[in-house]
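Asker: Provided below: target_20.cif, containing mmCIF, C-alpha atoms, pLDDT in the B column; chains and numbers go by the auth columns.
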data_start
loop_
_atom_site.group_PDB
_atom_site.id
_atom_site.type_symbol
_atom_site.label_atom_id
_atom_site.label_comp_id
_atom_site.label_asym_id
_atom_site.label_seq_id
_atom_site.Cartn_x
_atom_site.Cartn_y
_atom_site.Cartn_z
_atom_site.B_iso_or_equiv
_atom_site.auth_seq_id
_atom_site.auth_asym_id
ATOM 1 C CA MET A 1 -27.709 34.038 -50.135 87.00 1 A
ATOM 2 C CA ALA A 2 -30.417 32.878 -47.761 93.00 2 A
ATOM 3 C CA CYS A 3 -30.283 36.265 -46.049 96.00 3 A
ATOM 4 C CA LEU A 4 -30.933 38.040 -49.365 95.00 4 A
ATOM 5 C CA LEU A 5 -33.915 35.845 -50.125 96.00 5 A
ATOM 6 C CA PHE A 6 -35.228 36.245 -46.584 96.00 6 A
ATOM 7 C CA LEU A 7 -35.066 40.028 -46.953 94.00 7 A
ATOM 8 C CA ALA A 8 -36.741 39.873 -50.375 95.00 8 A
ATOM 9 C CA TYR A 9 -39.608 37.708 -49.130 95.00 9 A
ATOM 10 C CA MET A 10 -40.191 39.566 -45.861 95.00 10 A
ATOM 11 C CA ALA A 11 -40.434 43.026 -47.467 92.00 11 A
ATOM 12 C CA ARG A 12 -44.029 44.226 -47.441 91.00 12 A
ATOM 13 C CA PRO A 13 -44.992 47.692 -48.664 91.00 13 A
ATOM 14 C CA ALA A 14 -46.711 49.841 -46.053 90.00 14 A
ATOM 15 C CA GLY A 15 -49.171 51.198 -48.594 89.00 15 A
ATOM 16 C CA PRO A 16 -49.600 52.267 -52.217 89.00 16 A
ATOM 17 C CA TRP A 17 -47.031 55.040 -51.753 91.00 17 A
ATOM 18 C CA ASP A 18 -44.225 52.717 -50.593 91.00 18 A
ATOM 19 C CA SER A 19 -42.450 51.968 -53.864 92.00 19 A
ATOM 20 C CA GLU A 20 -39.068 52.050 -52.133 94.00 20 A
ATOM 21 C CA THR A 21 -39.768 48.774 -50.314 94.00 21 A
ATOM 22 C CA VAL A 22 -40.752 47.121 -53.590 93.00 22 A
ATOM 23 C CA ALA A 23 -37.545 48.355 -55.227 94.00 23 A
ATOM 24 C CA HIS A 24 -35.426 47.038 -52.356 95.00 24 A
ATOM 25 C CA SER A 25 -37.183 43.678 -52.507 94.00 25 A
ATOM 26 C CA ASN A 26 -36.552 43.445 -56.246 95.00 26 A
ATOM 27 C CA PHE A 27 -32.899 44.394 -55.775 96.00 27 A
ATOM 28 C CA ALA A 28 -32.394 41.740 -53.094 96.00 28 A
ATOM 29 C CA ALA A 29 -34.059 39.056 -55.224 97.00 29 A
ATOM 30 C CA GLY A 30 -32.095 40.078 -58.322 97.00 30 A
ATOM 31 C CA PHE A 31 -28.820 40.029 -56.434 97.00 31 A
ATOM 32 C CA ALA A 32 -29.708 36.603 -54.978 97.00 32 A
ATOM 33 C CA LEU A 33 -30.375 35.358 -58.517 97.00 33 A
ATOM 34 C CA ALA A 34 -26.979 36.640 -59.683 97.00 34 A
ATOM 35 C CA VAL A 35 -25.251 34.997 -56.722 97.00 35 A
ATOM 36 C CA SER A 36 -27.016 31.712 -57.420 97.00 36 A
ATOM 37 C CA VAL A 37 -25.758 31.786 -61.023 97.00 37 A
ATOM 38 C CA VAL A 38 -22.191 32.312 -59.806 97.00 38 A
ATOM 39 C CA TRP A 39 -22.721 29.608 -57.178 97.00 39 A
ATOM 40 C CA GLY A 40 -23.928 27.243 -59.914 97.00 40 A
ATOM 41 C CA LEU A 41 -20.811 27.909 -61.991 97.00 41 A
ATOM 42 C CA VAL A 42 -18.558 27.253 -59.007 97.00 42 A
ATOM 43 C CA THR A 43 -20.486 24.058 -58.274 97.00 43 A
ATOM 44 C CA TRP A 44 -20.040 23.005 -61.892 97.00 44 A
ATOM 45 C CA GLY A 45 -16.285 23.426 -61.517 97.00 45 A
ATOM 46 C CA PHE A 46 -16.217 21.401 -58.306 97.00 46 A
ATOM 47 C CA VAL A 47 -18.320 18.611 -59.820 97.00 47 A
ATOM 48 C CA LYS A 48 -16.125 18.590 -62.922 97.00 48 A
ATOM 49 C CA ALA A 49 -13.023 18.274 -60.733 97.00 49 A
ATOM 50 C CA GLY A 50 -14.615 15.403 -58.826 96.00 50 A
ATOM 51 C CA TRP A 51 -14.531 17.128 -55.437 96.00 51 A
ATOM 52 C CA VAL A 52 -18.300 17.004 -54.894 96.00 52 A
ATOM 53 C CA ARG A 53 -21.149 14.934 -56.291 95.00 53 A
ATOM 54 C CA GLY A 54 -23.750 16.091 -58.795 94.00 54 A
ATOM 55 C CA TRP A 55 -26.551 16.515 -56.259 96.00 55 A
ATOM 56 C CA TRP A 56 -24.874 19.747 -55.159 95.00 56 A
ATOM 57 C CA TYR A 57 -26.536 21.407 -58.163 96.00 57 A
ATOM 58 C CA VAL A 58 -29.801 21.288 -56.183 97.00 58 A
ATOM 59 C CA LEU A 59 -28.769 24.128 -53.866 95.00 59 A
ATOM 60 C CA PRO A 60 -28.051 26.890 -56.420 97.00 60 A
ATOM 61 C CA VAL A 61 -31.026 25.807 -58.532 97.00 61 A
ATOM 62 C CA ALA A 62 -33.379 25.941 -55.533 97.00 62 A
ATOM 63 C CA PHE A 63 -32.186 29.406 -54.531 97.00 63 A
ATOM 64 C CA GLY A 64 -32.377 30.576 -58.147 97.00 64 A
ATOM 65 C CA VAL A 65 -35.950 29.343 -58.496 97.00 65 A
ATOM 66 C CA ALA A 66 -36.905 31.064 -55.234 97.00 66 A
ATOM 67 C CA ALA A 67 -35.377 34.335 -56.481 97.00 67 A
ATOM 68 C CA VAL A 68 -37.126 34.122 -59.866 97.00 68 A
ATOM 69 C CA LEU A 69 -40.447 33.413 -58.161 96.00 69 A
ATOM 70 C CA ARG A 70 -40.011 36.487 -55.971 96.00 70 A
ATOM 71 C CA LEU A 71 -39.204 38.616 -59.021 95.00 71 A
ATOM 72 C CA THR A 72 -42.191 37.374 -61.050 95.00 72 A
ATOM 73 C CA LEU A 73 -45.171 35.604 -59.482 94.00 73 A
ATOM 74 C CA LEU A 74 -44.662 36.482 -55.826 93.00 74 A
ATOM 75 C CA ALA A 75 -43.557 40.085 -56.280 91.00 75 A
ATOM 76 C CA PRO A 76 -44.961 42.582 -53.753 87.00 76 A
ATOM 77 C CA GLU A 77 -47.794 44.677 -55.116 83.00 77 A
ATOM 78 C CA LEU A 78 -48.541 48.304 -54.406 74.00 78 A
#
Here is a file; write its structure as C-alpha cells.
Answerer:
Amino acid sequence: MACLLFLAYMARPAGPWDSETVAHSNFAAGFALAVSVVWGLVTWGFVKAGWVRGWWYVLPVAFGVAAVLRLTLLAPEL
C-alpha cells in the first residue's frame, strides 16, 4: 500500500506531452484507494472479533485520505 502511494506521489510528468505518467499515477492512487477500502473492511472484522483495538482504523483511513488527495487536489498537471 505504501509503495503504491509512494509511486503515485513521486510520478512527475516530463512535459505537457507526458500523459502516460499522469495515467499511471492515477492508476496507482486509485488502486491504493481500493486496497485501503478492503483493508478497512478487514480491520472492521478484526475489531468486531475483539482481536485488535479500534485505533487500528487510523491506518486504512490515513492511506485512503492520502490516495483521495492524490486523485483530486494533488493530482499531477500537464
Asker: Using Å and a single decimal, report how far atom CA of Ser25 of chain A sits from atom CA of Leu69 of chain A.
Answerer: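 These two atoms are separated by 12.2 Å.
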Asker: Find, counting all atoms listed in the file, the residue in A:Leu59, A:Ala28, A:Val22, A:Val38 that gets nearest to Leu5 of chain A.
Answerer: A:Ala28
Asker: Applied to the shown file, which residues does the PyMOL selection byres ((chain A and resi 78) around 9) return, written as a list in words?
Answerer: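 Checking the PyMOL selection byres ((chain A and resi 78) around 9) against this file, the residues are Pro13, Ala14, Gly15, Pro16, Trp17, Asp18, Ser19, Val22, Pro76 and Glu77 of chain A.
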Asker: What is the atom CA of Cys3 of chain A-atom CA of Leu73 of chain A distance in Å, reported with one decimal?
Answerer: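 Interatomic distance here is 20.1 Å.
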Asker: Edge lengths and centre in Å to one decimal, as lines of an AutoDock Vina configuration file, is what I'm after for the box along x, y and z that holds all listed atoms of segment 49-58 of chain A once 4 Å is added on each side.
Answerer:
center_x = -21.4
center_y = 18.2
center_z = -57.8
size_x = 24.8
size_y = 14.5
size_z = 13.8
Asker: Could you work out how far atom CA of Asn26 of chain A lies from atom CA of Ala11 of chain A, giving the answer in Å with one decimal?
Answerer: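 Between atom CA of Ala11 of chain A and atom CA of Asn26 of chain A the gap works out to 9.6 Å.
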Asker: I want to know what sits within 7 Å of Ala29 of chain A, based on all atoms listed in the file, with residues of the same chain fewer than 4 positions away left out; could you give that as a PyMOL selection string?
Answerer: chain A and resi 4-5+8+25+33+67+70-71
Asker: Output the residue selection produced by the PyMOL selection byres ((chain A and resi 62) around 12) on the file above, formatted as number ranges by chain.
Answerer: A: 1-2, 5, 32-33, 36-37, 39-40, 55-61, 63-69
Asker: Tell me which of A:Ala34, A:His24, A:Val42, A:Gly54 sits closest to Tyr9 of chain A, counting all atoms listed in the file.
Answerer: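 Counting all atoms listed in the file, the residue closest to Tyr9 of chain A is A:His24.
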Asker: Between A:Leu41, A:Met10, A:Ala49, A:Val35, which is the closest to Leu74 of chain A once you count only C-alpha atoms?
Answerer: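 Closest candidate: A:Met10.
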